[in-house]
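Chemist: Mind looking over this structure? Questions follow.
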Protein chains: 2
Amino acid sequence: MVKKRQNADIRKPDIIRNYHEVIIEDGLEGASIGKLAKKMNIHPSLIIHYFQNKDNLTLALVDYIIYESGKMYQKLSVQTDKPEQRLQNMVEIFFSDEWCAITDIGVDFAMLSLSCRNERVQTKIRDMYLVLKGLIIGELEKVSAAGRISFRDPGRTAKIIITIYDGYRHFRHYLINEDEAGSFREDMVKSVMEALRKQ
Amino acid sequence: MVKKRQNADIRKPDIIRNYHEVIIEDGLEGASIGKLAKKMNIHPSLIIHYFQNKDNLTLALVDYIIYESGKMYQKLSVQTDKPEQRLQNMVEIFFSDEWCAITDIGVDFAMLSLSCRNERVQTKIRDMYLVLKGLIIGELEKVSAAGRISFRDPGRTAKIIITIYDGYRHFRHYLINEDEAGSFREDMVKSVMEALRKQ
DNA sequence: TTTAATTAAATGAATGTTCAGTTAATTAAT
DNA sequence: ATTAATTAACTGAACATTCATTTAATTAAA
């Protein structure tokens with residue numbers, strides 16, 4: 001049984017996590033403070049107490065999702081010191097099931113949709129992409145520094161990687177069977193590596 | 001002034017179009033039958049009369065969006081008969097502003113999100129992708145038939161094209177300035193053409 | 001005892017939907 | 001060609017429910 005009275009440091013992130021789950025189940029359009037409260041066995045007004053209103057709660061959720069993604073970015077630092085191997089590893093991690101499952105794609109789509117109408121969300125997501133891009137550029141520059149391959153424009157290359165990754169994560173949802181998914185992943189990894197070589 | 005009494009053939013698609021607009025403005029989570037009715041200066045129950053309930057209306061919207069996309073697919077048939085030129089043209093159309101603006105990306109994201117929870121929507125979107133894929137395969141096979149380049153697995157190649165296109169359409173939204181968008185497009189077109197050559 | 005966590009109760013507005021009725025257009029019969 | 005019957009388009013009002021939010025009171029921890 002959960003301790004009855006908790007402090008804000010526990011309760012607030014707990015509310016956000018549960019809100020995330022509600023949206024997974026019912027979508028952003030089906031999520032409400034009432035449902036969320038019922039799910040958590042707390043009173044709706046407690047949620048308002050912590051987040052003032054629903055918009056704030058949703059903004060906090062965006063932060064949460066971005067933060068969770070950010071945590072994973074750090075895990076990208078791959079075992080080996082060989083720059084090229086690092087690059088290969090990074091790409092393979094991007095296209096792994098674990099990586100694609102970091103956040104729920106359904107919720108991600110909802111947030112992306114929201115970002116088209118909400119400038120603050122748009123900015124947050126843009127910043128997240130900038131972080132990811134910076135991280136990839138870092139890896140590319142390590143390769144360049146090692147002298148093997150040089151990237152004319154690492155920022156450009158990073159964008160290509162992100163684009164193919166995004167498209168992959170998006171489109172894989174609409175493939176029919178599992179073995180198709182497997183070969184699809186291989187193909188997309190190859191495409192990215194190809195794009196890397198051609199810079 | 002609009003004719004007061006219209007028949008179903010006019011009214012139903014009109015409702016769907018307006019519903020589309022409401023979602024562009026307020027998102028799927030902000031759209032309601034009430035708002036839609038007010039916007040159209042009709043009674044909410046008239047919408048129910050035609051669509052029975054909100055879910056049906058949303059399903060009809062999915063069909064509408066897919067149909068609008070499908071109409072554009074037909075315009076893909078490009079002027080020239082030279083297969084390779086056709087291929088090039090097709091890719092350039094995919095990455096054109098006009099093409100990316102066929103449907104509203106915000107609404108598309110909302111529908112993609114919905115598809116993660118609604119099997120019927122998922123199937124509809126999957127089918128749409130199959131149509132697009134088939135169309136691309138057709139073009140690839142024309143090139144193969146001309147004997148210039150042969151594609152080992154056109155279906156595979158088509159999936160790569162769709163993936164990069166999807167990622168492009170998705171990610172371009174988070175680029176900062178216009179000239180960046182221009183060079184980004186060029187880069188992605190190049191990437192696709194590269195992927196085509198390497199099959 | 002002060003502060004923070006939590007609930008209770010109540011709010012008005014908006015939600016989707018039903019149902020009964022009205023008005024207009026179409027069809028068939030005279 | 002006029003009229004009657006039928007169908008379809010549309011409105012009005014009311015429905016219970018849910019919605020986010022407010023304000024005040026209560027409970028527990030520091």
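Residue numbering restarts at 1 in every chain; chains get A, B, ... in the order shown in the structure tokens, and ligands count up from 1 in that same order.
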What are the residues of chain A that have an atom within 9 Å of an atom of chain C, counting only C-alpha atoms (C1' of nucleotides), as a PyMOL selection string?
Modeler: chain A and resi 5-8+42-43+45-46
Chemist: Each residue of chain A lying at most 9 Å from chain B should get a row with its shortest atom-to-atom pair and the distance in Å to one decimal, counting only C-alpha atoms; could you produce that, ordered by chain and increasing number, as JSON lines?
Modeler:
```
{"residue": "A:Ile24", "atom": "CA", "partner": "B:Arg117", "partner_atom": "CA", "distance": 8.0}
{"residue": "A:Glu25", "atom": "CA", "partner": "B:Arg117", "partner_atom": "CA", "distance": 7.2}
{"residue": "A:Asp26", "atom": "CA", "partner": "B:Arg117", "partner_atom": "CA", "distance": 7.5}
{"residue": "A:Gly27", "atom": "CA", "partner": "B:Leu114", "partner_atom": "CA", "distance": 7.0}
{"residue": "A:Leu28", "atom": "CA", "partner": "B:Glu29", "partner_atom": "CA", "distance": 6.0}
{"residue": "A:Glu29", "atom": "CA", "partner": "B:Glu29", "partner_atom": "CA", "distance": 3.6}
{"residue": "A:Gly30", "atom": "CA", "partner": "B:Glu29", "partner_atom": "CA", "distance": 7.2}
{"residue": "A:Ala31", "atom": "CA", "partner": "B:Glu29", "partner_atom": "CA", "distance": 8.6}
{"residue": "A:Ile105", "atom": "CA", "partner": "B:Ser113", "partner_atom": "CA", "distance": 7.5}
{"residue": "A:Gly106", "atom": "CA", "partner": "B:Ser113", "partner_atom": "CA", "distance": 4.5}
{"residue": "A:Val107", "atom": "CA", "partner": "B:Ser113", "partner_atom": "CA", "distance": 6.7}
{"residue": "A:Asp108", "atom": "CA", "partner": "B:Ser113", "partner_atom": "CA", "distance": 7.7}
{"residue": "A:Phe109", "atom": "CA", "partner": "B:Ser113", "partner_atom": "CA", "distance": 5.0}
{"residue": "A:Ala110", "atom": "CA", "partner": "B:Ser113", "partner_atom": "CA", "distance": 5.6}
{"residue": "A:Met111", "atom": "CA", "partner": "B:Phe109", "partner_atom": "CA", "distance": 8.5}
{"residue": "A:Leu112", "atom": "CA", "partner": "B:Phe109", "partner_atom": "CA", "distance": 6.5}
{"residue": "A:Ser113", "atom": "CA", "partner": "B:Gly106", "partner_atom": "CA", "distance": 4.5}
{"residue": "A:Leu114", "atom": "CA", "partner": "B:Gly27", "partner_atom": "CA", "distance": 7.0}
{"residue": "A:Ser115", "atom": "CA", "partner": "B:Gly106", "partner_atom": "CA", "distance": 7.9}
{"residue": "A:Cys116", "atom": "CA", "partner": "B:Gly106", "partner_atom": "CA", "distance": 5.4}
{"residue": "A:Arg117", "atom": "CA", "partner": "B:Glu25", "partner_atom": "CA", "distance": 7.2}
{"residue": "A:Gln122", "atom": "CA", "partner": "B:Tyr174", "partner_atom": "CA", "distance": 7.6}
{"residue": "A:Thr123", "atom": "CA", "partner": "B:Tyr174", "partner_atom": "CA", "distance": 8.4}
{"residue": "A:Ile125", "atom": "CA", "partner": "B:Tyr174", "partner_atom": "CA", "distance": 7.7}
{"residue": "A:Arg126", "atom": "CA", "partner": "B:Tyr174", "partner_atom": "CA", "distance": 5.3}
{"residue": "A:Asp127", "atom": "CA", "partner": "B:Tyr174", "partner_atom": "CA", "distance": 8.9}
{"residue": "A:Tyr129", "atom": "CA", "partner": "B:Tyr174", "partner_atom": "CA", "distance": 7.9}
{"residue": "A:Arg156", "atom": "CA", "partner": "B:Phe184", "partner_atom": "CA", "distance": 7.6}
{"residue": "A:Thr157", "atom": "CA", "partner": "B:Asp187", "partner_atom": "CA", "distance": 8.9}
{"residue": "A:Lys159", "atom": "CA", "partner": "B:Phe184", "partner_atom": "CA", "distance": 8.0}
{"residue": "A:Ile160", "atom": "CA", "partner": "B:Met188", "partner_atom": "CA", "distance": 6.9}
{"residue": "A:Ile162", "atom": "CA", "partner": "B:Gly167", "partner_atom": "CA", "distance": 7.9}
{"residue": "A:Thr163", "atom": "CA", "partner": "B:Gly167", "partner_atom": "CA", "distance": 4.6}
{"residue": "A:Ile164", "atom": "CA", "partner": "B:Ile164", "partner_atom": "CA", "distance": 5.3}
{"residue": "A:Tyr165", "atom": "CA", "partner": "B:Gly167", "partner_atom": "CA", "distance": 7.2}
{"residue": "A:Asp166", "atom": "CA", "partner": "B:Gly167", "partner_atom": "CA", "distance": 5.0}
{"residue": "A:Gly167", "atom": "CA", "partner": "B:Gly167", "partner_atom": "CA", "distance": 3.6}
{"residue": "A:Tyr168", "atom": "CA", "partner": "B:Thr163", "partner_atom": "CA", "distance": 5.6}
{"residue": "A:Arg169", "atom": "CA", "partner": "B:Thr163", "partner_atom": "CA", "distance": 8.8}
{"residue": "A:His170", "atom": "CA", "partner": "B:Asp166", "partner_atom": "CA", "distance": 7.5}
{"residue": "A:Phe171", "atom": "CA", "partner": "B:Thr163", "partner_atom": "CA", "distance": 6.1}
{"residue": "A:Arg172", "atom": "CA", "partner": "B:Thr163", "partner_atom": "CA", "distance": 8.6}
{"residue": "A:His173", "atom": "CA", "partner": "B:Cys116", "partner_atom": "CA", "distance": 8.6}
{"residue": "A:Tyr174", "atom": "CA", "partner": "B:Arg126", "partner_atom": "CA", "distance": 5.3}
{"residue": "A:Leu175", "atom": "CA", "partner": "B:Arg126", "partner_atom": "CA", "distance": 7.6}
{"residue": "A:Ile176", "atom": "CA", "partner": "B:Arg126", "partner_atom": "CA", "distance": 8.5}
{"residue": "A:Ser183", "atom": "CA", "partner": "B:Arg156", "partner_atom": "CA", "distance": 8.8}
{"residue": "A:Phe184", "atom": "CA", "partner": "B:Arg156", "partner_atom": "CA", "distance": 7.5}
{"residue": "A:Asp187", "atom": "CA", "partner": "B:Ile160", "partner_atom": "CA", "distance": 7.6}
{"residue": "A:Met188", "atom": "CA", "partner": "B:Ile160", "partner_atom": "CA", "distance": 6.9}
{"residue": "A:Ser191", "atom": "CA", "partner": "B:Ala195", "partner_atom": "CA", "distance": 6.5}
{"residue": "A:Glu194", "atom": "CA", "partner": "B:Ala195", "partner_atom": "CA", "distance": 7.9}
{"residue": "A:Ala195", "atom": "CA", "partner": "B:Ser191", "partner_atom": "CA", "distance": 6.5}
{"residue": "A:Lys198", "atom": "CA", "partner": "B:Glu194", "partner_atom": "CA", "distance": 8.8}
```
Chemist: From a DSSP calculation on the backbone, collect every residue of range 35-146 of chain A in alpha helix (DSSP H) and output the set as number ranges by chain.
Modeler: A: 35-40, 44-51, 54-74, 83-94, 97-100, 105-115, 119-146
Chemist: Specify as a PyMOL selection string all residues of chain A found within 8 Å of chain D, counting only C-alpha atoms (C1' of nucleotides).
Modeler: chain A and resi 5+32-33+48+53-54
Chemist: Which residues are close to range 68-77 of chain B, i.e. within 9 Å by only C-alpha atoms (C1' of nucleotides), leaving aside same-chain residues fewer than 5 positions away? Reply as a PyMOL selection string.
Modeler: chain B and resi 63+86+89-90+93-94+99+102-103+128+131-132+135
Chemist: Could you save those same residues with C-alpha atoms as an mmCIF file, in the first residue's frame?
Modeler:
```
data_model
loop_
_atom_site.group_PDB
_atom_site.id
_atom_site.type_symbol
_atom_site.label_atom_id
_atom_site.label_comp_id
_atom_site.auth_asym_id
_atom_site.auth_seq_id
_atom_site.Cartn_x
_atom_site.Cartn_y
_atom_site.Cartn_z
ATOM 1 C CA ASP B 63 -11.200 8.689 -44.743
ATOM 2 C CA ARG B 86 10.241 10.236 -63.798
ATOM 3 C CA ASN B 89 10.576 14.108 -60.627
ATOM 4 C CA MET B 90 8.661 11.929 -58.237
ATOM 5 C CA ILE B 93 7.495 16.310 -55.841
ATOM 6 C CA PHE B 94 7.531 14.365 -52.582
ATOM 7 C CA TRP B 99 3.216 18.116 -51.469
ATOM 8 C CA ILE B 102 -1.449 18.500 -48.958
ATOM 9 C CA THR B 103 -2.712 17.740 -45.511
ATOM 10 C CA MET B 128 -2.921 4.244 -47.476
ATOM 11 C CA VAL B 131 -1.215 2.394 -51.993
ATOM 12 C CA LEU B 132 1.670 4.837 -51.900
ATOM 13 C CA LEU B 135 2.726 3.545 -56.685
#
```
Chemist: Taking only C-alpha atoms into account, which of B:Arg152, B:Lys12, B:His20, B:Arg120 comes nearest Ile47 in chain B?
Modeler: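 Nearest candidate to Ile47 in chain B out of B:Arg152, B:Lys12, B:His20, B:Arg120: B:Lys12.
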Chemist: Hey, can you check how far CA of Val91 in chain A sits from CA of Arg185 in chain A?
Modeler: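 CA of Arg185 in chain A lies at a distance of 10.9 Å from CA of Val91 in chain A.
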Chemist: Could you check how far CA of Val22 in chain B sits from CA of Leu59 in chain B, in Å to one decimal?
Modeler: 15.2 Å
Chemist: Which residues, written as a list in words, have at least one atom at most 7 Å from Leu61 in chain B, with only C-alpha atoms (C1' of nucleotides) counted and residues fewer than 4 positions away on the same chain left out?
Modeler: Ile16, His20, Leu57 and Ile65 of chain B
Chemist: Quick check, in Å to one decimal: how far apart do CA of Val189 in chain B and CA of Gln79 in chain B lie?
Modeler: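 Distance between the two atoms: 19.4 Å.
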